[in-house]
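See structure below.
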Amino acid sequence: MKVAEGTIGRVFMLRLEHGERLPDLVEQFAAERGVRRAFCALIGGADKGRIVTGPEDGQAMPPVPMLSALAGAHEVAAIGTIFPDADGRPKLHMHGAFGRGQEALVGCIRPGIDVWTIGEFMIIEILGLDMTRRRDPATGFELLSHS
C-alpha cells in the first residue's frame, strides 16, 4: 500500500449542462483553476458516450478494455479523483453507475460521456499530496505514485 496524507482546499460545485463532455470539461476546468489533486462526485444524467466495463480477460496483461455504449438517457452517480499525469496535466479517473429502466451499467468514464440535461459535479481539492499518475508498463494503467 502507498499512503499520502493531505488536507482539504477549495470546494467547487459545477452545474454541467446538456451535451457537455466528461472527462474533457472537468480536466480543462481543473487546469484553468490550478486544481492538481481532488476528490470528485457526479450526480445527474448521461446520454451519449462509452464506458469501460471491464477487461476482456482479467488474466491478460496489459488488459484489453471492454467498452459499452450508453444508448439513451441514463441516471448517473459517480465518484473519482483528479491527479496530475506524468506531464503535469490533471487527469480525471471516475467510475459510475448508469441506470435506465431496469438496466444498469457500471464502469469508468475515461472514453467519454455527454451530460444529459443536468450534471451536478463537485470537486473537493486535496492539498499537501505529492502523488501523480504514472504509466505502469505491466498493466498500461496510470497508477498513483509518489512524485
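Residues are referred to by chain and number: the chain letter is A, B, ... according to the order shown in the C-alpha cells, the number counts from 1 in that chain, and ligands are numbered separately from 1 in the order shown.
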
Using DSSP on the backbone coordinates, identify all residues within stretch 14-138 of chain A classified as alpha helix (DSSP H); present the result as a PDB file with N, CA and C atoms, in the first residue's frame.
ATOM      1  N   ASP A  24     -13.314  15.564 -20.454  1.00  0.00           N
ATOM      2  CA  ASP A  24     -12.628  16.728 -21.027  1.00  0.00           C
ATOM      3  C   ASP A  24     -12.926  18.029 -20.288  1.00  0.00           C
ATOM      4  N   LEU A  25     -14.215  18.296 -20.067  1.00  0.00           N
ATOM      5  CA  LEU A  25     -14.628  19.559 -19.459  1.00  0.00           C
ATOM      6  C   LEU A  25     -14.034  19.739 -18.062  1.00  0.00           C
ATOM      7  N   VAL A  26     -14.059  18.686 -17.256  1.00  0.00           N
ATOM      8  CA  VAL A  26     -13.552  18.780 -15.878  1.00  0.00           C
ATOM      9  C   VAL A  26     -12.034  18.914 -15.873  1.00  0.00           C
ATOM     10  N   GLU A  27     -11.342  18.202 -16.747  1.00  0.00           N
ATOM     11  CA  GLU A  27      -9.884  18.321 -16.814  1.00  0.00           C
ATOM     12  C   GLU A  27      -9.471  19.726 -17.255  1.00  0.00           C
ATOM     13  N   GLN A  28     -10.218  20.314 -18.179  1.00  0.00           N
ATOM     14  CA  GLN A  28      -9.942  21.687 -18.615  1.00  0.00           C
ATOM     15  C   GLN A  28     -10.189  22.662 -17.465  1.00  0.00           C
ATOM     16  N   PHE A  29     -11.300  22.492 -16.753  1.00  0.00           N
ATOM     17  CA  PHE A  29     -11.610  23.340 -15.599  1.00  0.00           C
ATOM     18  C   PHE A  29     -10.497  23.247 -14.558  1.00  0.00           C
ATOM     19  N   ALA A  30     -10.077  22.019 -14.237  1.00  0.00           N
ATOM     20  CA  ALA A  30      -9.031  21.820 -13.225  1.00  0.00           C
ATOM     21  C   ALA A  30      -7.737  22.504 -13.649  1.00  0.00           C
ATOM     22  N   ALA A  31      -7.380  22.401 -14.916  1.00  0.00           N
ATOM     23  CA  ALA A  31      -6.158  23.043 -15.407  1.00  0.00           C
ATOM     24  C   ALA A  31      -6.265  24.564 -15.282  1.00  0.00           C
ATOM     25  N   GLU A  32      -7.403  25.121 -15.675  1.00  0.00           N
ATOM     26  CA  GLU A  32      -7.595  26.575 -15.620  1.00  0.00           C
ATOM     27  C   GLU A  32      -7.578  27.106 -14.190  1.00  0.00           C
ATOM     28  N   ARG A  33      -8.112  26.349 -13.237  1.00  0.00           N
ATOM     29  CA  ARG A  33      -8.201  26.792 -11.846  1.00  0.00           C
ATOM     30  C   ARG A  33      -7.027  26.334 -10.987  1.00  0.00           C
TER      31      ARG A  33
END

Stretch 31-99 of chain A near stretch 106-117 of chain A within 8 Å: what's each residue's closest atom pair and its distance in Å to one decimal, counting only C-alpha atoms, ordered by chain then ascending residue number, as a Markdown table?
| residue | atom | partner | partner_atom | distance |
| --- | --- | --- | --- | --- |
| A:Gly44 | CA | A:Trp116 | CA | 7.7 |
| A:Gly45 | CA | A:Trp116 | CA | 4.7 |
| A:Ala46 | CA | A:Val115 | CA | 4.6 |
| A:Asp47 | CA | A:Trp116 | CA | 5.0 |
| A:Lys48 | CA | A:Asp114 | CA | 5.3 |
| A:Gly49 | CA | A:Ile113 | CA | 4.1 |
| A:Arg50 | CA | A:Pro111 | CA | 5.8 |
| A:Ile51 | CA | A:Ile109 | CA | 4.9 |
| A:Val52 | CA | A:Cys108 | CA | 5.0 |
| A:Thr53 | CA | A:Gly107 | CA | 4.6 |
| A:Gly54 | CA | A:Gly107 | CA | 7.3 |
| A:Ala73 | CA | A:Trp116 | CA | 6.3 |
| A:His74 | CA | A:Trp116 | CA | 7.8 |
| A:Leu92 | CA | A:Arg110 | CA | 7.7 |
| A:His93 | CA | A:Arg110 | CA | 6.8 |
| A:Met94 | CA | A:Cys108 | CA | 5.7 |
| A:His95 | CA | A:Cys108 | CA | 4.3 |
| A:Gly96 | CA | A:Gly107 | CA | 5.6 |
| A:Ala97 | CA | A:Val106 | CA | 4.4 |
| A:Phe98 | CA | A:Val106 | CA | 6.1 |

Save the residues we just selected, C-alpha atoms, as a PDB file, in the first residue's frame?
ATOM      1  CA  GLY A  44     -27.351  13.705 -12.831  1.00  0.00           C
ATOM      2  CA  GLY A  45     -27.904  12.402 -16.312  1.00  0.00           C
ATOM      3  CA  ALA A  46     -25.688  10.914 -19.013  1.00  0.00           C
ATOM      4  CA  ASP A  47     -26.573  10.487 -22.644  1.00  0.00           C
ATOM      5  CA  LYS A  48     -24.161   9.519 -25.390  1.00  0.00           C
ATOM      6  CA  GLY A  49     -20.786   8.048 -24.764  1.00  0.00           C
ATOM      7  CA  ARG A  50     -18.898   4.915 -23.858  1.00  0.00           C
ATOM      8  CA  ILE A  51     -17.631   3.492 -20.605  1.00  0.00           C
ATOM      9  CA  VAL A  52     -15.092   0.798 -19.770  1.00  0.00           C
ATOM     10  CA  THR A  53     -16.988  -2.129 -18.242  1.00  0.00           C
ATOM     11  CA  GLY A  54     -14.068  -4.435 -17.526  1.00  0.00           C
ATOM     12  CA  ALA A  73     -30.509   8.953 -21.379  1.00  0.00           C
ATOM     13  CA  HIS A  74     -29.290   7.332 -18.139  1.00  0.00           C
ATOM     14  CA  LEU A  92      -9.929  12.551 -14.011  1.00  0.00           C
ATOM     15  CA  HIS A  93     -10.366   8.902 -13.031  1.00  0.00           C
ATOM     16  CA  MET A  94     -14.064   8.341 -12.379  1.00  0.00           C
ATOM     17  CA  HIS A  95     -16.275   5.280 -12.113  1.00  0.00           C
ATOM     18  CA  GLY A  96     -20.027   5.499 -12.209  1.00  0.00           C
ATOM     19  CA  ALA A  97     -23.263   3.582 -12.115  1.00  0.00           C
ATOM     20  CA  PHE A  98     -25.565   4.285 -15.067  1.00  0.00           C
TER      21      PHE A  98
END

Quiz prompt | Interatomic distance, atom CA of A:Gly72 to atom CA of A:Arg15 (Å, one decimal) | solution =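 Value for the atom CA of A:Gly72-atom CA of A:Arg15 distance: 20.8 Å.
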
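Within stretch 9-39 of chain A, DSSP applied to the backbone places the following residues in strand (DSSP E): A:Gly9, A:Arg10, A:Val11, A:Phe12, A:Met13, A:Leu14, A:Arg15, A:Leu16, A:Glu17, A:Arg21, A:Leu22, A:Ala38, A:Phe39.
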
Take the residues just selected and output them with C-alpha atoms as a PDB file, in the first residue's frame.
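The new file result.pdb reads:
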ATOM      1  CA  GLY A   9      -8.541  23.050  -0.021  1.00  0.00           C
ATOM      2  CA  ARG A  10     -11.134  24.736  -2.205  1.00  0.00           C
ATOM      3  CA  VAL A  11     -14.528  23.227  -2.992  1.00  0.00           C
ATOM      4  CA  PHE A  12     -16.155  23.749  -6.389  1.00  0.00           C
ATOM      5  CA  MET A  13     -19.719  22.920  -7.437  1.00  0.00           C
ATOM      6  CA  LEU A  14     -20.175  22.774 -11.207  1.00  0.00           C
ATOM      7  CA  ARG A  15     -23.566  22.696 -12.886  1.00  0.00           C
ATOM      8  CA  LEU A  16     -22.832  20.841 -16.082  1.00  0.00           C
ATOM      9  CA  GLU A  17     -25.191  21.428 -18.980  1.00  0.00           C
ATOM     10  CA  ARG A  21     -18.426  16.160 -22.293  1.00  0.00           C
ATOM     11  CA  LEU A  22     -16.654  14.379 -19.465  1.00  0.00           C
ATOM     12  CA  ALA A  38      -9.071  16.344  -5.838  1.00  0.00           C
ATOM     13  CA  PHE A  39     -11.927  14.072  -4.890  1.00  0.00           C
TER      14      PHE A  39
END

Quiz prompt | One-decimal distance in Å that lies between atom CA of A:Ile123 and atom CA of A:Ser145 | solution =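 For atom CA of A:Ser145 relative to atom CA of A:Ile123, the distance reads 21.1 Å.
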
Quiz prompt | Gap from atom CA of A:Arg36 to atom CA of A:Ala77 - Å, one decimal | solution =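 Distance reported for this atom pair: 22.8 Å.
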
Exercise. Choose the residue, out of A:Glu103, A:Glu56, A:Glu125, A:Glu120, that has the smallest atom-to-atom separation from A:Ala78; count only C-alpha atoms.
Key: A:Glu120

Quiz item: Leaving out A:Ala86 and any residue of its chain fewer than 5 positions from it, which residues lie within 12 Å of it when counting only C-alpha atoms, given as a ChimeraX atom specification?
Solution: /A:91,131-136,142-147

Go ahead and dump the residues you just picked, N, CA and C atoms, as a compact mmCIF listing (two decimals), in the first residue's frame.
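Result file selection-v3.txt:
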# COMPACT_ATOMS: atom_id res chain seq x y z
N LYS A 91 -5.78 14.71 -14.61
CA LYS A 91 -6.49 13.59 -15.23
C LYS A 91 -7.57 13.11 -14.27
N MET A 131 1.32 12.80 -4.89
CA MET A 131 1.09 11.69 -5.81
C MET A 131 0.72 12.17 -7.21
N THR A 132 1.21 11.42 -8.20
CA THR A 132 0.89 11.66 -9.60
C THR A 132 0.53 10.34 -10.26
N ARG A 133 -0.06 10.42 -11.43
CA ARG A 133 -0.38 9.21 -12.21
C ARG A 133 0.82 8.89 -13.09
N ARG A 134 1.34 7.68 -12.94
CA ARG A 134 2.48 7.21 -13.74
C ARG A 134 2.09 5.92 -14.44
N ARG A 135 2.43 5.84 -15.72
CA ARG A 135 2.08 4.65 -16.50
C ARG A 135 2.87 3.45 -15.99
N ASP A 136 2.14 2.38 -15.67
CA ASP A 136 2.73 1.12 -15.23
C ASP A 136 2.94 0.25 -16.48
N GLU A 142 -2.41 4.12 -15.63
CA GLU A 142 -1.73 5.23 -14.97
C GLU A 142 -2.04 5.11 -13.48
N LEU A 143 -1.07 4.58 -12.72
CA LEU A 143 -1.26 4.31 -11.30
C LEU A 143 -0.72 5.46 -10.47
N LEU A 144 -1.33 5.67 -9.30
CA LEU A 144 -0.86 6.71 -8.39
C LEU A 144 0.48 6.31 -7.81
N SER A 145 1.44 7.24 -7.89
CA SER A 145 2.78 7.03 -7.36
C SER A 145 3.23 8.31 -6.70
N HIS A 146 4.15 8.18 -5.75
CA HIS A 146 4.74 9.38 -5.14
C HIS A 146 5.65 10.03 -6.16
N SER A 147 5.58 11.37 -6.24
CA SER A 147 6.38 12.13 -7.22
C SER A 147 7.86 11.99 -6.97
